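S.K.: Data: start00.cif, mmCIF, N, CA and C atoms.
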```cif
data_coords
#
loop_
_atom_site.label_atom_id
_atom_site.label_comp_id
_atom_site.auth_asym_id
_atom_site.auth_seq_id
_atom_site.Cartn_x
_atom_site.Cartn_y
_atom_site.Cartn_z
N GLU A 1 9.99 2.90 -1.25
CA GLU A 1 8.90 3.05 -2.17
C GLU A 1 9.09 2.07 -3.31
N ASP A 2 7.98 1.54 -3.80
CA ASP A 2 8.04 0.60 -4.90
C ASP A 2 8.22 1.35 -6.20
N SER A 3 9.24 1.01 -6.95
CA SER A 3 9.44 1.63 -8.26
C SER A 3 10.21 0.67 -9.13
N SER A 4 9.49 0.01 -10.04
CA SER A 4 10.18 -0.90 -10.95
C SER A 4 9.62 -0.68 -12.34
N SER A 5 10.46 -0.20 -13.22
CA SER A 5 10.06 0.08 -14.59
C SER A 5 11.19 -0.37 -15.51
N SER A 6 10.85 -1.15 -16.54
CA SER A 6 11.89 -1.67 -17.42
C SER A 6 12.21 -0.72 -18.56
N ASN A 7 11.49 0.38 -18.67
CA ASN A 7 11.80 1.34 -19.73
C ASN A 7 11.78 2.75 -19.14
N GLY A 8 12.21 3.71 -19.92
CA GLY A 8 12.21 5.09 -19.45
C GLY A 8 13.47 5.43 -18.70
N PRO A 9 13.37 6.26 -17.66
CA PRO A 9 14.55 6.79 -16.99
C PRO A 9 15.38 5.74 -16.26
N SER A 10 14.83 4.56 -15.95
CA SER A 10 15.58 3.57 -15.18
C SER A 10 16.45 2.66 -16.04
N GLU A 11 16.46 2.83 -17.36
CA GLU A 11 17.22 1.93 -18.23
C GLU A 11 18.70 1.89 -17.89
N GLY A 12 19.32 3.02 -17.54
CA GLY A 12 20.74 3.05 -17.27
C GLY A 12 21.09 2.83 -15.81
N ARG A 13 20.12 2.66 -14.95
CA ARG A 13 20.36 2.55 -13.52
C ARG A 13 20.72 1.13 -13.12
N VAL A 14 21.59 1.02 -12.12
CA VAL A 14 21.95 -0.28 -11.57
C VAL A 14 20.85 -0.76 -10.64
N LEU A 15 20.33 0.14 -9.81
CA LEU A 15 19.26 -0.18 -8.88
C LEU A 15 17.92 0.08 -9.55
N CYS A 16 17.13 -0.97 -9.76
CA CYS A 16 15.86 -0.84 -10.48
C CYS A 16 14.69 -0.51 -9.56
N GLY A 17 14.75 -0.97 -8.32
CA GLY A 17 13.65 -0.69 -7.42
C GLY A 17 13.86 -1.30 -6.05
N VAL A 18 12.95 -0.98 -5.14
CA VAL A 18 12.99 -1.49 -3.78
C VAL A 18 11.59 -1.95 -3.41
N MET A 19 11.49 -3.16 -2.87
CA MET A 19 10.20 -3.70 -2.44
C MET A 19 10.19 -3.83 -0.92
N ARG A 20 9.10 -3.42 -0.31
CA ARG A 20 8.93 -3.60 1.13
C ARG A 20 8.35 -4.99 1.36
N ILE A 21 8.89 -5.72 2.33
CA ILE A 21 8.36 -7.04 2.66
C ILE A 21 8.19 -7.14 4.17
N GLY A 22 7.52 -8.16 4.61
CA GLY A 22 7.33 -8.38 6.05
C GLY A 22 6.34 -7.40 6.65
N LEU A 23 6.60 -7.00 7.90
CA LEU A 23 5.67 -6.14 8.63
C LEU A 23 5.52 -4.76 8.00
N VAL A 24 6.60 -4.22 7.45
CA VAL A 24 6.53 -2.88 6.85
C VAL A 24 5.61 -2.89 5.62
N ALA A 25 5.56 -3.98 4.88
CA ALA A 25 4.68 -4.07 3.71
C ALA A 25 3.22 -4.14 4.13
N LYS A 26 2.96 -4.71 5.30
CA LYS A 26 1.60 -4.82 5.81
C LYS A 26 1.18 -3.60 6.61
N GLY A 27 2.12 -2.68 6.85
CA GLY A 27 1.81 -1.48 7.63
C GLY A 27 1.68 -1.76 9.11
N LEU A 28 2.40 -2.75 9.61
CA LEU A 28 2.26 -3.15 11.01
C LEU A 28 3.44 -2.76 11.89
N LEU A 29 4.27 -1.83 11.44
CA LEU A 29 5.42 -1.42 12.25
C LEU A 29 5.01 -0.49 13.38
N ILE A 30 5.68 -0.62 14.49
CA ILE A 30 5.50 0.31 15.61
C ILE A 30 6.26 1.59 15.28
N LYS A 31 5.80 2.72 15.79
CA LYS A 31 6.32 4.04 15.42
C LYS A 31 7.84 4.14 15.42
N ASP A 32 8.50 3.75 16.49
CA ASP A 32 9.95 3.91 16.60
C ASP A 32 10.73 2.67 16.18
N ASP A 33 10.06 1.65 15.67
CA ASP A 33 10.72 0.42 15.25
C ASP A 33 11.33 0.61 13.87
N MET A 34 12.66 0.54 13.79
CA MET A 34 13.35 0.75 12.51
C MET A 34 13.90 -0.57 11.95
N ASP A 35 13.36 -1.69 12.40
CA ASP A 35 13.78 -3.00 11.91
C ASP A 35 12.92 -3.32 10.68
N LEU A 36 13.45 -2.98 9.50
CA LEU A 36 12.70 -3.13 8.26
C LEU A 36 13.28 -4.24 7.41
N GLU A 37 12.44 -4.81 6.54
CA GLU A 37 12.90 -5.80 5.57
C GLU A 37 12.60 -5.25 4.18
N LEU A 38 13.65 -5.07 3.40
CA LEU A 38 13.53 -4.55 2.04
C LEU A 38 14.25 -5.47 1.08
N VAL A 39 13.77 -5.53 -0.15
CA VAL A 39 14.44 -6.28 -1.20
C VAL A 39 14.85 -5.29 -2.28
N LEU A 40 16.14 -5.30 -2.63
CA LEU A 40 16.64 -4.44 -3.71
C LEU A 40 16.57 -5.20 -5.02
N MET A 41 16.03 -4.58 -6.04
CA MET A 41 16.00 -5.18 -7.37
C MET A 41 17.06 -4.49 -8.21
N CYS A 42 18.06 -5.25 -8.62
CA CYS A 42 19.20 -4.70 -9.35
C CYS A 42 19.27 -5.29 -10.75
N ARG A 43 19.83 -4.51 -11.66
CA ARG A 43 20.02 -4.97 -13.03
C ARG A 43 21.03 -6.11 -13.07
N GLU A 44 22.09 -6.02 -12.25
CA GLU A 44 23.12 -7.05 -12.15
C GLU A 44 23.33 -7.37 -10.68
N LYS A 45 24.15 -8.38 -10.39
CA LYS A 45 24.44 -8.74 -9.01
C LYS A 45 25.02 -7.53 -8.28
N PRO A 46 24.43 -7.16 -7.12
CA PRO A 46 24.88 -5.96 -6.42
C PRO A 46 26.29 -6.13 -5.84
N THR A 47 27.03 -5.06 -5.88
CA THR A 47 28.37 -5.05 -5.30
C THR A 47 28.29 -4.55 -3.86
N LYS A 48 29.36 -4.75 -3.12
CA LYS A 48 29.42 -4.27 -1.74
C LYS A 48 29.32 -2.75 -1.71
N THR A 49 29.91 -2.10 -2.69
CA THR A 49 29.86 -0.63 -2.78
C THR A 49 28.42 -0.15 -2.94
N LEU A 50 27.65 -0.81 -3.81
CA LEU A 50 26.25 -0.43 -4.01
C LEU A 50 25.46 -0.62 -2.72
N LEU A 51 25.66 -1.74 -2.04
CA LEU A 51 24.93 -1.99 -0.80
C LEU A 51 25.28 -0.96 0.27
N CYS A 52 26.55 -0.59 0.35
CA CYS A 52 26.97 0.45 1.31
C CYS A 52 26.36 1.80 0.97
N THR A 53 26.29 2.12 -0.32
CA THR A 53 25.67 3.38 -0.76
C THR A 53 24.19 3.41 -0.39
N VAL A 54 23.50 2.30 -0.60
CA VAL A 54 22.08 2.22 -0.25
C VAL A 54 21.91 2.36 1.26
N CYS A 55 22.74 1.69 2.04
CA CYS A 55 22.66 1.79 3.50
C CYS A 55 22.90 3.21 4.00
N ASP A 56 23.82 3.92 3.36
CA ASP A 56 24.12 5.29 3.76
C ASP A 56 22.99 6.25 3.42
N ASN A 57 22.31 6.03 2.29
CA ASN A 57 21.28 6.96 1.82
C ASN A 57 19.87 6.60 2.27
N LEU A 58 19.66 5.38 2.74
CA LEU A 58 18.32 4.93 3.11
C LEU A 58 17.67 5.76 4.22
N PRO A 59 18.37 6.10 5.31
CA PRO A 59 17.71 6.90 6.35
C PRO A 59 17.17 8.23 5.85
N GLN A 60 17.86 8.87 4.92
CA GLN A 60 17.39 10.15 4.36
C GLN A 60 16.11 9.94 3.55
N GLN A 61 16.02 8.83 2.84
CA GLN A 61 14.86 8.56 2.00
C GLN A 61 13.64 8.15 2.81
N ILE A 62 13.85 7.52 3.95
CA ILE A 62 12.73 7.07 4.79
C ILE A 62 12.04 8.25 5.46
N GLU A 63 12.79 9.27 5.85
CA GLU A 63 12.21 10.44 6.52
C GLU A 63 11.38 11.19 5.57
#
```
Could you express the structure from this file as structure tokens?
M.R.:
Amino acid sequence: EDSSSSNGPSEGRVLCGVMRIGLVAKGLLIKDDMDLELVLMCREKPTKTLLCTVCDNLPQQIE
């Protein structure tokens, strides 16, 4: 889901938002196709730990 706000509750967060790109942004994915393209917007350069955390939690958020 798109969520990018420079003020309010996201001020202290490392991850500012996620943008859908490619076929998923156009709504052209096939039902069981889980090959998605997303862009993470971070306050600072993302660490490997942050990327692993996002990868672990993403399936729960998509459902």
S.K.: List the neighbours of A:Cys42 out to 8 Å using only C-alpha atoms; skip same-chain residues closer than 4 positions along the sequence, and give me the result as a VMD selection string.
M.R.: chain A and resid 14 to 17 46
S.K.: Take the selection from the previous step and output its residues with N, CA and C atoms, as a JSON list (two decimals), keeping the file's coordinate frame.
M.R.:
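Result saved to result03.json:
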```
[["chain", "number", "residue", "atom", "x", "y", "z"],
["A", 14, "VAL", "N", 21.59, 1.02, -12.12],
["A", 14, "VAL", "CA", 21.95, -0.28, -11.57],
["A", 14, "VAL", "C", 20.85, -0.76, -10.64],
["A", 15, "LEU", "N", 20.33, 0.14, -9.81],
["A", 15, "LEU", "CA", 19.26, -0.18, -8.88],
["A", 15, "LEU", "C", 17.92, 0.08, -9.55],
["A", 16, "CYS", "N", 17.13, -0.97, -9.76],
["A", 16, "CYS", "CA", 15.86, -0.84, -10.48],
["A", 16, "CYS", "C", 14.69, -0.51, -9.56],
["A", 17, "GLY", "N", 14.75, -0.97, -8.32],
["A", 17, "GLY", "CA", 13.65, -0.69, -7.42],
["A", 17, "GLY", "C", 13.86, -1.30, -6.05],
["A", 46, "PRO", "N", 24.43, -7.16, -7.12],
["A", 46, "PRO", "CA", 24.88, -5.96, -6.42],
["A", 46, "PRO", "C", 26.29, -6.13, -5.84]]
```
S.K.: Go through A:Gln60, A:Arg13, A:Val54, A:Glu37 and flag the residue nearest A:Ala25, using only N, CA and C atoms for the distances.
M.R.: A:Glu37
S.K.: Can you give me, as a PyMOL selection string, the residues this file yields under the PyMOL selection byres (((chain A and resi 22 and name CA) around 12) and name CA)?
M.R.: chain A and resi 19-21+23-29+35-39
S.K.: Report, as lines of an AutoDock Vina configuration file, the centre and edge lengths in Å (one decimal) of the axis-aligned box enclosing every listed atom of stretch 21-30 of chain A, padded by 6 Å on each side.
M.R.:
```
center_x = 5.0
center_y = -3.4
center_z = 9.0
size_x = 19.7
size_y = 22.0
size_z = 25.3
```
S.K.: Grab the atom C of A:Lys48 to atom CA of A:Gln61 distance for me, in Å with one decimal place.
M.R.: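 Going from atom C of A:Lys48 over to atom CA of A:Gln61, I get 18.7 Å.
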S.K.: Just stretch 21-33 of chain A, please, as a PDB file, in the first residue's frame (only N, CA and C atoms).
M.R.:
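Below is the file that was written, part08.pdb:
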```pdb
ATOM      1  N   ILE A  21       5.173  -0.948  -8.336  1.00  0.00           N
ATOM      2  CA  ILE A  21       5.579  -0.586  -9.692  1.00  0.00           C
ATOM      3  C   ILE A  21       5.370  -1.782 -10.607  1.00  0.00           C
ATOM      4  N   GLY A  22       5.466  -1.559 -11.885  1.00  0.00           N
ATOM      5  CA  GLY A  22       5.323  -2.644 -12.856  1.00  0.00           C
ATOM      6  C   GLY A  22       3.882  -3.106 -12.987  1.00  0.00           C
ATOM      7  N   LEU A  23       3.708  -4.408 -13.208  1.00  0.00           N
ATOM      8  CA  LEU A  23       2.376  -4.965 -13.457  1.00  0.00           C
ATOM      9  C   LEU A  23       1.443  -4.827 -12.263  1.00  0.00           C
ATOM     10  N   VAL A  24       1.970  -4.951 -11.052  1.00  0.00           N
ATOM     11  CA  VAL A  24       1.113  -4.852  -9.862  1.00  0.00           C
ATOM     12  C   VAL A  24       0.540  -3.437  -9.725  1.00  0.00           C
ATOM     13  N   ALA A  25       1.273  -2.420 -10.135  1.00  0.00           N
ATOM     14  CA  ALA A  25       0.776  -1.044 -10.068  1.00  0.00           C
ATOM     15  C   ALA A  25      -0.337  -0.813 -11.081  1.00  0.00           C
ATOM     16  N   LYS A  26      -0.284  -1.534 -12.194  1.00  0.00           N
ATOM     17  CA  LYS A  26      -1.300  -1.398 -13.237  1.00  0.00           C
ATOM     18  C   LYS A  26      -2.483  -2.334 -13.011  1.00  0.00           C
ATOM     19  N   GLY A  27      -2.379  -3.207 -12.006  1.00  0.00           N
ATOM     20  CA  GLY A  27      -3.451  -4.155 -11.726  1.00  0.00           C
ATOM     21  C   GLY A  27      -3.518  -5.287 -12.731  1.00  0.00           C
ATOM     22  N   LEU A  28      -2.381  -5.666 -13.298  1.00  0.00           N
ATOM     23  CA  LEU A  28      -2.364  -6.681 -14.348  1.00  0.00           C
ATOM     24  C   LEU A  28      -1.796  -8.025 -13.911  1.00  0.00           C
ATOM     25  N   LEU A  29      -1.723  -8.273 -12.614  1.00  0.00           N
ATOM     26  CA  LEU A  29      -1.184  -9.549 -12.135  1.00  0.00           C
ATOM     27  C   LEU A  29      -2.205 -10.670 -12.270  1.00  0.00           C
ATOM     28  N   ILE A  30      -1.716 -11.849 -12.572  1.00  0.00           N
ATOM     29  CA  ILE A  30      -2.557 -13.043 -12.589  1.00  0.00           C
ATOM     30  C   ILE A  30      -2.766 -13.481 -11.143  1.00  0.00           C
ATOM     31  N   LYS A  31      -3.890 -14.116 -10.854  1.00  0.00           N
ATOM     32  CA  LYS A  31      -4.301 -14.438  -9.483  1.00  0.00           C
ATOM     33  C   LYS A  31      -3.202 -15.061  -8.629  1.00  0.00           C
ATOM     34  N   ASP A  32      -2.559 -16.112  -9.096  1.00  0.00           N
ATOM     35  CA  ASP A  32      -1.564 -16.821  -8.286  1.00  0.00           C
ATOM     36  C   ASP A  32      -0.132 -16.349  -8.529  1.00  0.00           C
ATOM     37  N   ASP A  33       0.053 -15.315  -9.329  1.00  0.00           N
ATOM     38  CA  ASP A  33       1.391 -14.798  -9.627  1.00  0.00           C
ATOM     39  C   ASP A  33       1.864 -13.914  -8.483  1.00  0.00           C
TER      40      ASP A  33
END
```
